[in-house]
$ cat start16.tsv   # TSV, C-alpha atoms
chain	number	residue	atom	x	y	z
N	1	MET	CA	0.00	0.00	0.00
N	2	GLN	CA	1.29	3.45	-0.88
N	3	TRP	CA	1.17	5.73	2.17
N	4	PRO	CA	0.97	9.54	1.98
N	5	ARG	CA	4.28	11.33	2.60
N	6	GLU	CA	3.23	12.51	6.07
N	7	GLU	CA	2.28	9.01	7.17
N	8	SER	CA	5.48	7.55	5.66
N	9	ASN	CA	7.60	10.01	7.63
N	10	LEU	CA	5.76	9.29	10.86
N	11	ARG	CA	6.07	5.53	10.35
N	12	ALA	CA	9.83	5.92	9.76
N	13	ARG	CA	10.19	7.94	12.97
N	14	ILE	CA	8.24	5.39	14.99
N	15	ARG	CA	10.33	2.49	13.64
N	16	SER	CA	13.70	4.26	14.23
N	17	PRO	CA	15.09	3.42	17.74
N	18	SER	CA	17.61	6.26	17.51
N	19	LEU	CA	14.82	8.84	17.57
N	20	TYR	CA	13.35	7.72	20.91
N	21	PRO	CA	14.91	7.06	24.37
N	22	LEU	CA	14.73	3.60	25.88
N	23	SER	CA	12.16	4.78	28.43
N	24	TYR	CA	9.71	5.53	25.55
N	25	GLY	CA	10.63	2.28	23.82
N	26	ALA	CA	9.35	0.08	26.61
N	27	VAL	CA	6.89	-1.35	24.10
N	28	GLY	CA	9.55	-1.42	21.40
N	29	PRO	CA	9.66	0.30	18.01
N	30	GLN	CA	7.87	-2.55	16.24
N	31	ARG	CA	4.93	-2.46	18.60
N	32	SER	CA	4.81	1.34	18.21
N	33	ALA	CA	4.57	0.93	14.44
N	34	ARG	CA	1.87	-1.69	14.85
N	35	SER	CA	-0.02	0.63	17.18
N	36	PHE	CA	0.18	3.36	14.56
N	37	GLU	CA	-1.27	1.04	11.91
N	38	GLN	CA	-4.07	-0.01	14.25
N	39	TRP	CA	-4.97	3.57	15.12
N	40	THR	CA	-4.83	4.58	11.44
N	41	SER	CA	-7.22	1.75	10.61
N	42	VAL	CA	-9.55	2.74	13.45
N	43	GLY	CA	-9.46	6.38	12.36
N	44	ARG	CA	-10.39	5.50	8.80
N	45	GLY	CA	-13.23	3.35	10.07
N	46	LEU	CA	-14.58	6.18	12.22
N	47	VAL	CA	-14.43	8.62	9.28
N	48	GLY	CA	-16.35	6.13	7.15
N	49	MET	CA	-18.98	5.68	9.85
N	50	VAL	CA	-19.42	9.45	10.22
N	51	MET	CA	-19.81	9.89	6.44
N	52	VAL	CA	-22.40	7.10	6.22
N	53	ARG	CA	-24.31	8.46	9.21
N	54	ALA	CA	-24.32	11.97	7.73
N	55	LEU	CA	-25.66	10.58	4.44
N	56	VAL	CA	-28.43	8.69	6.23
N	57	VAL	CA	-29.44	11.75	8.25
N	58	GLY	CA	-29.45	13.91	5.12
N	59	LEU	CA	-31.67	11.48	3.27
N	60	ALA	CA	-34.00	11.25	6.25
N	61	LEU	CA	-34.34	15.02	6.46
N	62	SER	CA	-34.91	15.26	2.72
N	63	GLY	CA	-37.62	12.61	2.90
N	64	ALA	CA	-39.26	14.32	5.82
N	65	ALA	CA	-39.35	17.64	3.98
N	66	VAL	CA	-41.33	16.23	1.09
N	67	GLY	CA	-43.20	13.66	3.19
N	68	LEU	CA	-45.29	16.22	5.05
N	69	ALA	CA	-47.84	16.42	2.28
N	70	SER	CA	-51.10	14.77	3.28
N	71	ASP	CA	-54.71	14.85	2.29
N	72	ALA	CA	-57.07	16.27	4.94
N	73	GLU	CA	-60.81	16.07	5.35
N	74	ALA	CA	-62.64	18.43	3.02
N	75	GLY	CA	-64.87	21.03	4.62
N	76	ALA	CA	-62.85	21.00	7.84
N	77	GLY	CA	-61.48	24.03	9.64
N	78	SER	CA	-57.72	23.98	10.11
N	79	THR	CA	-54.99	26.05	11.68
N	80	ARG	CA	-51.42	25.89	10.48
N	81	LEU	CA	-48.46	28.15	11.32
N	82	GLY	CA	-50.75	30.70	12.91
N	83	VAL	CA	-53.19	30.82	9.99
N	84	SER	CA	-56.76	29.52	10.37
N	85	PHE	CA	-58.79	28.61	7.28
N	86	GLN	CA	-61.76	26.60	6.07
N	87	VAL	CA	-61.32	23.95	3.40
N	88	PRO	CA	-64.18	24.21	0.87
N	89	PRO	CA	-66.39	21.12	0.53
N	90	VAL	CA	-65.01	18.46	-1.87
N	91	TRP	CA	-61.64	20.26	-2.02
N	92	HIS	CA	-58.41	18.64	-0.80
N	93	LEU	CA	-55.92	20.08	1.69
N	94	THR	CA	-52.23	19.30	1.28
N	95	THR	CA	-49.78	20.44	3.96
N	96	GLY	CA	-46.06	20.69	3.41
N	97	ARG	CA	-44.13	21.50	0.26
N	98	ILE	CA	-45.22	20.46	-3.21
N	99	ASN	CA	-42.21	22.05	-4.91
N	100	GLY	CA	-38.55	22.65	-4.07
N	101	VAL	CA	-38.97	26.00	-2.32
N	102	LEU	CA	-37.99	26.05	1.37
N	103	ASP	CA	-38.53	29.77	1.99
N	104	PRO	CA	-41.17	31.17	1.63
N	105	VAL	CA	-42.63	28.42	3.81
N	106	THR	CA	-45.71	26.63	2.51
N	107	VAL	CA	-48.71	27.12	4.79
N	108	PHE	CA	-51.14	25.08	2.69
N	109	THR	CA	-52.16	24.05	-0.79
N	110	ILE	CA	-55.90	23.49	-1.32
N	111	SER	CA	-57.11	22.04	-4.61
N	112	THR	CA	-60.18	20.50	-6.20
N	113	PHE	CA	-58.07	17.48	-7.16
N	114	ARG	CA	-55.96	15.14	-5.06
N	115	LEU	CA	-52.19	15.71	-5.25
N	116	THR	CA	-49.42	13.12	-5.33
N	117	THR	CA	-46.23	14.76	-4.10
N	118	THR	CA	-43.78	12.04	-5.11
N	119	PRO	CA	-41.30	12.07	-6.68
N	120	PRO	CA	-40.03	15.27	-5.01
N	121	SER	CA	-39.49	18.29	-7.22
N	122	THR	CA	-37.04	21.18	-7.30
N	123	GLY	CA	-37.53	24.87	-8.00
N	124	ILE	CA	-40.70	26.93	-7.84
N	125	CYS	CA	-42.69	24.79	-10.30
N	126	ALA	CA	-44.97	22.11	-8.87
N	127	PRO	CA	-45.14	19.03	-11.13
N	128	ALA	CA	-47.71	17.55	-8.74
N	129	LEU	CA	-50.17	20.25	-9.80
N	130	ARG	CA	-49.46	19.80	-13.48
N	131	ARG	CA	-49.89	16.02	-13.25
N	132	ALA	CA	-53.25	16.40	-11.50
N	133	TRP	CA	-54.48	19.39	-13.51
N	134	ARG	CA	-58.11	19.40	-14.59
N	135	ALA	CA	-59.75	21.72	-17.10
N	136	ASN	CA	-62.48	22.38	-14.52
N	137	GLY	CA	-60.16	22.36	-11.49
N	138	ALA	CA	-58.59	24.95	-9.21
N	139	TYR	CA	-55.95	25.36	-6.53
N	140	VAL	CA	-54.83	27.96	-4.01
N	141	GLN	CA	-51.50	27.93	-2.23
N	142	LEU	CA	-50.51	30.22	0.65
N	143	THR	CA	-46.84	30.68	1.55
N	144	GLU	CA	-45.16	32.94	4.10
N	145	GLU	CA	-41.86	34.80	3.85
N	146	ARG	CA	-40.08	34.02	7.12
N	147	ASP	CA	-36.48	34.95	6.42
N	148	GLY	CA	-35.79	38.07	8.50
N	149	ALA	CA	-34.14	40.28	5.87
N	150	SER	CA	-36.44	39.13	3.04
N	151	ARG	CA	-39.52	39.61	5.21
N	152	LYS	CA	-38.53	43.17	6.10
N	153	ARG	CA	-37.96	44.06	2.43
N	154	MET	CA	-41.27	42.51	1.47
N	155	LEU	CA	-43.16	44.37	4.19
N	156	ARG	CA	-41.88	47.66	2.79
N	157	ARG	CA	-43.19	47.01	-0.71
N	158	VAL	CA	-46.37	44.92	-0.54
N	159	MET	CA	-49.89	46.16	0.16
N	160	ARG	CA	-51.93	45.27	3.19
N	161	ARG	CA	-54.39	42.43	2.91
N	162	PRO	CA	-57.38	43.47	0.81
N	163	LYS	CA	-60.91	43.20	2.13
N	164	ARG	CA	-61.70	40.99	-0.83
N	165	PHE	CA	-59.21	39.13	-3.01
N	166	ARG	CA	-59.45	39.29	-6.79
N	167	LEU	CA	-58.21	36.15	-8.52
N	168	ASN	CA	-58.50	37.26	-12.13
N	169	ALA	CA	-55.20	36.30	-13.73
N	170	LYS	CA	-55.16	35.39	-17.41
N	171	GLY	CA	-52.70	33.01	-19.00
N	172	ALA	CA	-50.22	30.60	-17.42
N	173	GLY	CA	-48.48	31.39	-14.15
N	174	GLY	CA	-48.83	30.55	-10.48
N	175	LEU	CA	-46.67	27.52	-9.78
N	176	CYS	CA	-46.01	27.00	-13.51
N	177	THR	CA	-49.57	25.86	-14.16
N	178	PRO	CA	-51.77	26.34	-17.26
N	179	PRO	CA	-54.29	29.17	-17.76
N	180	ASN	CA	-55.61	30.83	-15.82
N	181	SER	CA	-52.99	31.01	-13.07
N	182	GLY	CA	-51.48	33.87	-11.13
N	183	GLU	CA	-49.73	35.18	-8.04
N	184	LEU	CA	-50.32	37.98	-5.56
N	185	THR	CA	-48.77	39.24	-2.32
N	186	PHE	CA	-50.06	40.87	0.85
N	187	GLN	CA	-49.15	41.57	4.45
N	188	GLU	CA	-51.02	41.42	7.74
N	189	GLY	CA	-49.96	41.67	11.37
N	190	GLY	CA	-46.29	42.09	10.50
N	191	ARG	CA	-46.33	38.95	8.35
N	192	ALA	CA	-45.76	38.75	4.58
N	193	PHE	CA	-47.49	36.22	2.31
N	194	TYR	CA	-47.64	34.97	-1.26
N	195	VAL	CA	-50.74	33.50	-2.86
N	196	PHE	CA	-50.35	31.23	-5.89
N	197	TYR	CA	-53.52	30.09	-7.61
N	198	GLY	CA	-54.87	28.58	-10.79
N	199	PHE	CA	-58.17	27.85	-12.54
N	200	GLY	CA	-58.80	25.59	-15.51
N	201	ARG	CA	-60.44	27.07	-18.61
N	202	ASN	CA	-63.71	25.32	-17.74
N	203	THR	CA	-63.73	26.06	-14.00
N	204	SER	CA	-67.16	27.12	-12.78
N	205	GLN	CA	-67.95	30.45	-11.18
N	206	GLY	CA	-68.91	28.55	-8.03
N	207	THR	CA	-65.43	27.04	-7.77
N	208	ARG	CA	-63.83	30.44	-8.34
N	209	ALA	CA	-66.05	31.93	-5.64
N	210	ALA	CA	-65.02	29.17	-3.22
N	211	ALA	CA	-61.34	29.99	-3.80
N	212	THR	CA	-61.93	33.68	-3.21
N	213	SER	CA	-63.97	33.00	-0.08
N	214	LEU	CA	-61.20	30.78	1.28
N	215	LEU	CA	-58.75	33.70	1.15
N	216	ASP	CA	-61.25	36.34	2.29
N	217	ASN	CA	-61.93	34.38	5.47
N	218	LEU	CA	-58.36	33.65	6.54
N	219	ARG	CA	-57.64	34.42	10.19
N	220	ILE	CA	-54.00	35.32	10.68
N	221	THR	CA	-52.33	35.58	14.06
N	222	PRO	CA	-50.13	38.71	14.22
N	223	ARG	CA	-46.38	38.26	14.47
N	224	ARG	CA	-45.05	38.54	18.02

$ encode --input "start16.tsv" --output "structure tokens"
Amino acid sequence: MQWPREESNLRARIRSPSLYPLSYGAVGPQRSARSFEQWTSVGRGLVGMVMVRALVVGLALSGAAVGLASDAEAGAGSTRLGVSFQVPPVWHLTTGRINGVLDPVTVFTISTFRLTTTPPSTGICAPALRRAWRANGAYVQLTEERDGASRKRMLRRVMRRPKRFRLNAKGAGGLCTPPNSGELTFQEGGRAFYVFYGFGRNTSQGTRAAATSLLDNLRITPRR
């Protein structure tokens, strides 16, 4: 085996009796060299264990991040991250991320169709929405900017929450979904939010009204 120069030098020093007094050499130069080899082997084993453990923990955290998505009972009232809301009847609530964005933090995604969040995605686009898209469907996602510096900048530029939301975007947008999808921002109680939404071309006025009502009736706990 070819040893690195530093290890070769150290091994030579350990094996050389002239470099150490007899009192040190009670175990003998050969046993010192053997001890060095044993400790080197142990050290390499520990490094390998740490690397494997770090990989396992990283995979577990990654799985947990995308594994939070779950379908909740339609028509139920819910509170998440200090935001209370009512899921419209026959709609589906998904908590956790459905794309690769960590901040802003996803509060909820509510859609008329059930979402499958695997495999995990990256970036702002949400393939789960595109896979489940319906021409008569709809979705609303609420996210909150929680990073301190970003939140402060956003609070300086976005309007306060309107009394009534207007979801009238035309064309593609939102989380990279087909027409008619859009995005808007607002603030309330020292907190800054994004709303991403989308409606299929054949979505009924009743479904659109349900989406608007969902946002109009949000109850947001002020930031402390």

$ atom_distance --input "start16.tsv" --atom1 "CA of Asn180 (chain N)" --atom2 "CA of Gly96 (chain N)"
23.7 Å

$ residues_around --input "start16.tsv" --residues "Ala138 (chain N)" --least-positions-apart "3" --cutoff "9 Å" --atoms "only C-alpha atoms" --output "PyMOL selection string"
chain N and resi 110-113+133-135+197-200+203+207-208+211

$ residues_near_point --input "start16.tsv" --point "(-45.6, 31.2, 15.4)" --cutoff "10 Å" --atoms "all atoms listed in the file" --output "list in words"
Arg80, Leu81, Gly82, Val83, Thr221, Pro222, Arg223 and Arg224 of chain N

$ closest_residue --input "start16.tsv" --among "N:Ser213, N:Thr95, N:Ser78, N:Ser181" --to "Phe108 (chain N)" --atoms "all atoms listed in the file"
N:Thr95

$ closest_residue --input "start16.tsv" --among "N:Phe85, N:Arg191, N:Leu214, N:Asn202" --to "Ser150 (chain N)" --atoms "all atoms listed in the file"
N:Arg191

$ closest_residue --input "start16.tsv" --among "N:Thr109, N:Gly171, N:Val90, N:Ser121" --to "Ala210 (chain N)" --atoms "all atoms listed in the file"
N:Val90

$ closest_residue --input "start16.tsv" --among "N:Val101, N:Ile124, N:Glu145, N:Pro119" --to "Gly190 (chain N)" --atoms "all atoms listed in the file"
N:Glu145

$ closest_residue --input "start16.tsv" --among "N:Arg130, N:Arg219, N:Arg160, N:Arg151" --to "Pro104 (chain N)" --atoms "only C-alpha atoms"
N:Arg151

$ atom_distance --input "start16.tsv" --atom1 "CA of Leu175 (chain N)" --atom2 "CA of Asn99 (chain N)"
8.6 Å

$ atom_distance --input "start16.tsv" --atom1 "CA of Ala169 (chain N)" --atom2 "CA of Gly77 (chain N)"
27.1 Å

$ residues_near_point --input "start16.tsv" --point "(-43.1, 17.6, -10.4)" --cutoff "12 Å" --atoms "all atoms listed in the file" --output "list in words"
Val66, Arg97, Ile98, Asn99, Gly100, Leu115, Thr116, Thr117, Thr118, Pro119, Pro120, Ser121, Thr122, Gly123, Ile124, Cys125, Ala126, Pro127, Ala128, Leu129, Arg130, Arg131, Ala132, Trp133, Leu175, Cys176 and Thr177 of chain N

$ closest_residue --input "start16.tsv" --among "N:Ala76, N:Leu184, N:Val107, N:Val140" --to "Met159 (chain N)" --atoms "all atoms listed in the file"
N:Leu184

$ residues_around --input "start16.tsv" --residues "Asp147 (chain N)" --least-positions-apart "6" --cutoff "12 Å" --atoms "all atoms listed in the file" --output "PyMOL selection string"
chain N and resi 102-105+153-155+191-193
